[in-house]
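Structure first, then comments.
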Amino acid sequence: MPLLSYPRGELLRDGRPHRILSGSLHYFRVHPDLWADRLDRLAALGLNTVDTYVPWNFHERTRGLPRFDGWCDVERFTELAQEAGLDVILRPGPYICAEWDNGGLPAWLTGAPGMRLRSSYRPFLDEVARWFDALIPRLARLQASFGGPIAAVQIENEYGSYGDDRGYVRWVRDALADRGITELLYTADGPTDLMQDAGTVPGQLATATFGSRAADAAALLRSRRDGEPFVCAEFWNGWFDHWGEPHHVRSAAGAADTLGEILDAGGSVSIYMAHGGTNFGLWSGANHDGTALQPTVTSYDSDAPVAEHGAAGPKFHALRERLLAATGATPRPLPPLAAPLPPRVLRPVPGAGLLAGLGALAERAVASPHPLGFDDLGQASGLVLYRAEPHLPPGTQTLTVTGLHDRAQVFVDGACAGVLDRETGSVTVPGAGAQVRLELLVENQGRINYGPLLGQGKGVLGGVQVERRLVHGWTMHGLPLDEWTPEEVRRAPASAAPHGTSGFATARFTVNEPADTFLAFPGFAKGFAWVNGTLLGRYWEIGPQVTLYVPAPLVVPGENTVTVLELERFGDRIELRDGPELGPGEEFVESFD
């Protein structure tokens, strides 16, 4: 029998009345050395369960080579949760959303010609089946029926917000069961009839995801699923951020009040996020509002009760009070938070100039009459440097890039002529009746993770025109920054001579004992930062995020190196700060209005 059941409409655990009090914590957003600490903090919050997605693209960056070691060791994370006294809910997708690059689907999959995602399209099902063959047996052995902590497994993810291929959702359910999942299976969808209609599966528990109006959600579920317990699979007590938009927060009192409504309605709940963590590397996804791309910032703090660096603020204590009042449990101690490194100022040393440095670091040049996209080049993320040599007539000419995904710096004979994005695809360039060296440095700012544009490609997907004439004869230089080894990062600043106001720079600091720190880049414009060869993620002066979190396990005793790839303008200093700065807060509560 499954550990969790509801034979008479009441949720039971091992035959006894039970309430799931869960929190979302994603192992892929937390350094593995900190998994145990963050799990202990969730237990101290008053939770009895942790839930996590499993991002397919994180484990299988290259088709046929799935990894389950190191940061990908989901089995170890699950076992650590059990040691912390927590049940585990697994959410293996195959699609996860989660503001994660491509919604967790591998770029090699979504870029396959003719691929149709999240449907009964046979080539898609065949790839999911192969992935589940690698993943699910590893987790099935950790189910409660075998003495492990896994008490429930989610079927797909908010499918009712995407499509209405009910046969596909049933196929995912059967694929999990066929590979050994015997614990509680459930679906999770938004709190509307539209979303619940297509995302649910007869005979499987239907749950809701929301941030407000708990009574309305409970009434909807009970009207549709008489005899099932009320479960909020995601209670949005905070929210994520996009570059160039406000930093979203939610008051401790407001979040606690809605949590109280869920509990007062007899509901079970999972707090999303209980601990958000960080989109290290280039794993941040993006949204699209119908007009413009909205790339997600590096931090996934999400104004969670356990902050990105592990701190417990007012929201932690407000939610803890509600949870403990509902259970009557004795509070578990909150682990102490280690002191960060003292603040200091670092002086960056310029290295290789932008174009020369990146040109030297590209592994190979691919020639084509037409510009090729990232998927054509077999590259998931990072940058691609496009080069051509068109003839420009005398005078000012309009250069237009169609199908640009997502951002391009345009250079003519080494001089920057402008910056383009999806919405501003044209720039004027000077011509003198001669050939020029035209270079486009194109950045993938994160693959869309939600909605009908899921799986959209990156790079120059259309063409480049000078006035009405197409430019042909391109070479593409792939720069998968997140795949560079620490040794490659170390060599990068010396790959060419310093030049101009952009390119590589390094700064160094020495410590006796590793501790958390927070990097800030005053005066810098936009770029990427590594510490000791590990890519932290993006920074961008448009905010809201100001600092990048550096967890203590990335710092070493002795000398440490910060490496920066600045795309536009160097600042004169890099700062180590003793706390996060994620931008001025603006209250946000999702209400499905």
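By order of appearance in the structure tokens: chains A, B, ..., then residues from 1 within every chain, and ligands from 1 in the order shown.
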
Can you pull out every residue within 10 Å of range 416-430 of chain A, counting only C-alpha atoms, but drop anything in the same chain fewer than 2 positions away, and send it as a PyMOL selection string?
chain A and resi 291-293+392-414+432-433+436+438-443+464-467+568

Output file for the selection above: C-alpha atoms, as a PDB file, in the first residue's frame:
```pdb
ATOM      1  CA  THR A 291       5.287  41.588 -26.456  1.00  0.00           C
ATOM      2  CA  ALA A 292       8.788  41.080 -25.151  1.00  0.00           C
ATOM      3  CA  LEU A 293      11.128  38.467 -23.718  1.00  0.00           C
ATOM      4  CA  LEU A 392      28.367  48.655 -47.585  1.00  0.00           C
ATOM      5  CA  PRO A 393      27.483  51.443 -50.062  1.00  0.00           C
ATOM      6  CA  PRO A 394      28.555  54.980 -49.171  1.00  0.00           C
ATOM      7  CA  GLY A 395      26.507  56.710 -46.509  1.00  0.00           C
ATOM      8  CA  THR A 396      24.346  55.570 -43.661  1.00  0.00           C
ATOM      9  CA  GLN A 397      22.800  52.126 -44.141  1.00  0.00           C
ATOM     10  CA  THR A 398      20.117  50.297 -42.147  1.00  0.00           C
ATOM     11  CA  LEU A 399      21.158  46.890 -40.862  1.00  0.00           C
ATOM     12  CA  THR A 400      18.249  44.640 -39.842  1.00  0.00           C
ATOM     13  CA  VAL A 401      18.358  41.293 -38.049  1.00  0.00           C
ATOM     14  CA  THR A 402      15.175  39.230 -38.296  1.00  0.00           C
ATOM     15  CA  GLY A 403      14.418  36.420 -35.898  1.00  0.00           C
ATOM     16  CA  LEU A 404      16.949  37.599 -33.315  1.00  0.00           C
ATOM     17  CA  HIS A 405      16.829  35.543 -30.125  1.00  0.00           C
ATOM     18  CA  ASP A 406      17.771  37.270 -27.921  1.00  0.00           C
ATOM     19  CA  ARG A 407      20.297  40.132 -27.934  1.00  0.00           C
ATOM     20  CA  ALA A 408      23.059  41.174 -30.326  1.00  0.00           C
ATOM     21  CA  GLN A 409      25.900  43.644 -30.130  1.00  0.00           C
ATOM     22  CA  VAL A 410      26.689  44.849 -33.640  1.00  0.00           C
ATOM     23  CA  PHE A 411      30.285  45.681 -34.579  1.00  0.00           C
ATOM     24  CA  VAL A 412      31.530  47.177 -37.859  1.00  0.00           C
ATOM     25  CA  ASP A 413      35.298  46.926 -38.298  1.00  0.00           C
ATOM     26  CA  GLY A 414      35.617  46.410 -34.547  1.00  0.00           C
ATOM     27  CA  ALA A 432      32.131  53.826 -47.431  1.00  0.00           C
ATOM     28  CA  GLY A 433      31.635  51.860 -50.633  1.00  0.00           C
ATOM     29  CA  VAL A 436      33.547  45.743 -43.840  1.00  0.00           C
ATOM     30  CA  LEU A 438      30.556  42.749 -39.638  1.00  0.00           C
ATOM     31  CA  GLU A 439      30.325  40.950 -36.302  1.00  0.00           C
ATOM     32  CA  LEU A 440      27.237  40.121 -34.246  1.00  0.00           C
ATOM     33  CA  LEU A 441      27.789  38.896 -30.700  1.00  0.00           C
ATOM     34  CA  VAL A 442      24.495  37.158 -29.894  1.00  0.00           C
ATOM     35  CA  GLU A 443      23.498  36.211 -26.370  1.00  0.00           C
ATOM     36  CA  VAL A 464      20.627  39.848 -41.716  1.00  0.00           C
ATOM     37  CA  GLN A 465      19.933  42.576 -44.252  1.00  0.00           C
ATOM     38  CA  VAL A 466      21.696  45.718 -45.408  1.00  0.00           C
ATOM     39  CA  GLU A 467      18.683  47.743 -46.496  1.00  0.00           C
ATOM     40  CA  GLU A 568      30.014  46.576 -22.692  1.00  0.00           C
TER      41      GLU A 568
END
```

Find the residues near His242 in chain A: any atom within 8 Å, counting only C-alpha atoms, skip ones fewer than 6 places away on the same chain, and give them as a list in words.
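Here the qualifying residues turn out to be Ala286, Gln294, Pro295, Thr296, Val297 and Pro544 of chain A.
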
Generate a file of the selected residues that holds C-alpha atoms, formatted as a compact mmCIF listing (two decimals), in the first residue's frame.
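Once everything was written out, this is out.txt:
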```
# COMPACT_ATOMS: atom_id res chain seq x y z
CA ALA A 286 12.73 33.34 -19.43
CA GLN A 294 11.45 38.55 -19.91
CA PRO A 295 14.72 36.87 -18.91
CA THR A 296 14.88 35.68 -15.30
CA VAL A 297 17.62 36.94 -13.00
CA PRO A 544 16.87 44.58 -9.94
```

Separation of CA of Asp69 in chain A from CA of Asn57 in chain A, in Å and rounded to one decimal:
14.4 Å

Between CA of Gly147 in chain A and CA of Gln82 in chain A, what is the distance in Å, rounded to a tenth?
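The value is 9.9 Å.
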
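With only C-alpha atoms taken into account, the protein and nucleic acid residues at most 10 Å from Gly277 in chain A (excluding it and anything under 5 positions from it in its own chain) are A:Leu25, A:His26, A:Tyr27, A:Phe28, A:Arg29, A:Val30, A:His31, A:Arg38, A:Thr298, A:Ser299, A:Tyr300, A:Asp301, A:Ser302, A:Ala304, A:Val306, A:Ala307, A:Glu308, A:His309, A:Gly310, A:Tyr549.
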
Residues as selected, N, CA and C atoms, written as a PDB file, in the first residue's frame, can you do that?
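Saved result, part-v2.pdb, follows:
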```pdb
ATOM      1  N   LEU A  25      12.327  22.870  -2.397  1.00  0.00           N
ATOM      2  CA  LEU A  25      13.763  23.123  -2.344  1.00  0.00           C
ATOM      3  C   LEU A  25      14.365  22.328  -3.490  1.00  0.00           C
ATOM      4  N   HIS A  26      15.008  22.992  -4.414  1.00  0.00           N
ATOM      5  CA  HIS A  26      15.534  22.344  -5.612  1.00  0.00           C
ATOM      6  C   HIS A  26      17.027  22.071  -5.450  1.00  0.00           C
ATOM      7  N   TYR A  27      17.385  20.812  -5.429  1.00  0.00           N
ATOM      8  CA  TYR A  27      18.793  20.446  -5.226  1.00  0.00           C
ATOM      9  C   TYR A  27      19.696  21.058  -6.279  1.00  0.00           C
ATOM     10  N   PHE A  28      19.167  21.293  -7.475  1.00  0.00           N
ATOM     11  CA  PHE A  28      19.977  21.835  -8.563  1.00  0.00           C
ATOM     12  C   PHE A  28      20.216  23.328  -8.414  1.00  0.00           C
ATOM     13  N   ARG A  29      19.586  23.962  -7.433  1.00  0.00           N
ATOM     14  CA  ARG A  29      19.798  25.392  -7.178  1.00  0.00           C
ATOM     15  C   ARG A  29      20.558  25.636  -5.880  1.00  0.00           C
ATOM     16  N   VAL A  30      21.070  24.581  -5.278  1.00  0.00           N
ATOM     17  CA  VAL A  30      21.800  24.681  -4.013  1.00  0.00           C
ATOM     18  C   VAL A  30      23.092  23.880  -4.156  1.00  0.00           C
ATOM     19  N   HIS A  31      24.205  24.447  -3.708  1.00  0.00           N
ATOM     20  CA  HIS A  31      25.467  23.700  -3.773  1.00  0.00           C
ATOM     21  C   HIS A  31      25.316  22.409  -2.973  1.00  0.00           C
ATOM     22  N   ARG A  38      20.338  23.182   4.257  1.00  0.00           N
ATOM     23  CA  ARG A  38      19.064  23.758   3.825  1.00  0.00           C
ATOM     24  C   ARG A  38      17.895  22.839   4.191  1.00  0.00           C
ATOM     25  N   THR A 298      19.590  35.895 -12.058  1.00  0.00           N
ATOM     26  CA  THR A 298      20.401  34.786 -11.559  1.00  0.00           C
ATOM     27  C   THR A 298      19.892  34.276 -10.218  1.00  0.00           C
ATOM     28  N   SER A 299      19.497  35.163  -9.337  1.00  0.00           N
ATOM     29  CA  SER A 299      18.983  34.736  -8.027  1.00  0.00           C
ATOM     30  C   SER A 299      17.602  34.113  -8.173  1.00  0.00           C
ATOM     31  N   TYR A 300      17.361  33.058  -7.402  1.00  0.00           N
ATOM     32  CA  TYR A 300      16.014  32.503  -7.293  1.00  0.00           C
ATOM     33  C   TYR A 300      15.563  32.578  -5.832  1.00  0.00           C
ATOM     34  N   ASP A 301      16.015  33.612  -5.145  1.00  0.00           N
ATOM     35  CA  ASP A 301      15.659  33.813  -3.742  1.00  0.00           C
ATOM     36  C   ASP A 301      14.150  33.739  -3.532  1.00  0.00           C
ATOM     37  N   SER A 302      13.395  34.372  -4.438  1.00  0.00           N
ATOM     38  CA  SER A 302      11.936  34.279  -4.466  1.00  0.00           C
ATOM     39  C   SER A 302      11.266  34.801  -3.196  1.00  0.00           C
ATOM     40  N   ALA A 304      11.678  33.838  -0.321  1.00  0.00           N
ATOM     41  CA  ALA A 304      11.297  32.630   0.415  1.00  0.00           C
ATOM     42  C   ALA A 304      11.604  32.784   1.898  1.00  0.00           C
ATOM     43  N   VAL A 306      13.315  30.827   3.803  1.00  0.00           N
ATOM     44  CA  VAL A 306      14.749  30.581   3.935  1.00  0.00           C
ATOM     45  C   VAL A 306      15.407  31.251   2.734  1.00  0.00           C
ATOM     46  N   ALA A 307      16.155  32.317   2.991  1.00  0.00           N
ATOM     47  CA  ALA A 307      16.698  33.145   1.923  1.00  0.00           C
ATOM     48  C   ALA A 307      17.764  32.399   1.125  1.00  0.00           C
ATOM     49  N   GLU A 308      18.172  33.019   0.020  1.00  0.00           N
ATOM     50  CA  GLU A 308      19.135  32.407  -0.892  1.00  0.00           C
ATOM     51  C   GLU A 308      20.392  31.930  -0.162  1.00  0.00           C
ATOM     52  N   HIS A 309      20.842  32.666   0.848  1.00  0.00           N
ATOM     53  CA  HIS A 309      22.055  32.311   1.577  1.00  0.00           C
ATOM     54  C   HIS A 309      21.744  31.607   2.893  1.00  0.00           C
ATOM     55  N   GLY A 310      20.477  31.221   3.112  1.00  0.00           N
ATOM     56  CA  GLY A 310      20.118  30.429   4.275  1.00  0.00           C
ATOM     57  C   GLY A 310      19.547  31.201   5.446  1.00  0.00           C
ATOM     58  N   TYR A 549      25.358  35.808  -5.346  1.00  0.00           N
ATOM     59  CA  TYR A 549      25.672  35.006  -4.163  1.00  0.00           C
ATOM     60  C   TYR A 549      26.810  34.038  -4.469  1.00  0.00           C
TER      61      TYR A 549
END
```

Each residue of range 489-556 of chain A with at least one atom at most 10 Å from range 348-367 of chain A should appear once, together with its nearest atom pair and the corresponding distance in Å (one decimal); atoms considered: only C-alpha atoms; ordering: chain, then increasing residue number; output as a Markdown table.
```
| residue | atom | partner | partner_atom | distance |
| --- | --- | --- | --- | --- |
| A:Val489 | CA | A:Leu361 | CA | 9.9 |
| A:Arg491 | CA | A:Leu361 | CA | 9.2 |
| A:Ala492 | CA | A:Leu361 | CA | 7.0 |
| A:Pro493 | CA | A:Gly351 | CA | 4.5 |
| A:Ala494 | CA | A:Ala352 | CA | 5.8 |
| A:Ser495 | CA | A:Gly357 | CA | 5.5 |
| A:Ala496 | CA | A:Ala352 | CA | 4.5 |
| A:Ala497 | CA | A:Ala352 | CA | 4.8 |
| A:Pro498 | CA | A:Ala352 | CA | 4.5 |
| A:His499 | CA | A:Gly353 | CA | 4.4 |
| A:Gly500 | CA | A:Gly353 | CA | 6.5 |
| A:Thr501 | CA | A:Gly353 | CA | 7.9 |
| A:Ser502 | CA | A:Leu354 | CA | 5.5 |
| A:Gly503 | CA | A:Leu354 | CA | 3.7 |
| A:Phe504 | CA | A:Gly351 | CA | 4.9 |
| A:Ala505 | CA | A:Pro350 | CA | 4.3 |
| A:Thr506 | CA | A:Val349 | CA | 5.2 |
| A:Ala507 | CA | A:Pro348 | CA | 4.6 |
| A:Arg508 | CA | A:Pro348 | CA | 8.1 |
```

Which parts of range 196-434 of chain A does DSSP call alpha helix (DSSP H) when run on the backbone here, written out as an MDAnalysis selection string?
chainID A and resid 196:199 214:224 252:264 314:327 354:361

What residues in range 408-499 of chain A get the DSSP label strand (DSSP E)? Please answer as a PyMOL selection string.
chain A and resi 408-412+415-421+426-431+434-435+438-443+459-460+464-466+469-470+474-479

Determine, counting only C-alpha atoms, which protein, DNA and RNA residues have an atom within 7 Å of an atom of Ala253 in chain A; residues of the same chain fewer than 3 positions away are not included. Present the result as a list in words.
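Here the answer would be Ala256, Asp257 and Ala318 of chain A.
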
Pick the closest to Arg170 in chain A from A:Leu194, A:Met476, A:Leu42, A:Leu125: which is it, counting only C-alpha atoms?
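Distance minimum relative to Arg170 in chain A lands on A:Leu125.
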
Of the candidates A:Trp239, A:Phe316, A:Phe521, A:Tyr95, which one gets nearest to Phe588 in chain A if we count only C-alpha atoms?
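Looking at the shortest contact to Phe588 in chain A, the residue is A:Trp239.
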
Top pick for closest residue to Leu519 in chain A, considering A:Leu346, A:Ile542, A:Val556, A:Ala217 and counting only C-alpha atoms:
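Checking each candidate against Leu519 in chain A, we get A:Leu346 as the closest.
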
For range 135-138 of chain A, find every residue with an atom within 8 Å (counting only C-alpha atoms), except residues of its own chain fewer than 6 positions away, and show them as a ChimeraX atom specification.
/A:75,176,179-181

Please, could you write that set of residues out with C-alpha atoms as a PDB file, in the first residue's frame?
```pdb
ATOM      1  CA  GLU A  75      19.494  10.046  -4.874  1.00  0.00           C
ATOM      2  CA  LEU A 176       5.847   6.275 -14.019  1.00  0.00           C
ATOM      3  CA  ARG A 179       8.852   1.821 -14.063  1.00  0.00           C
ATOM      4  CA  GLY A 180       8.042   1.033 -10.458  1.00  0.00           C
ATOM      5  CA  ILE A 181       6.311   4.066  -8.928  1.00  0.00           C
TER       6      ILE A 181
END
```
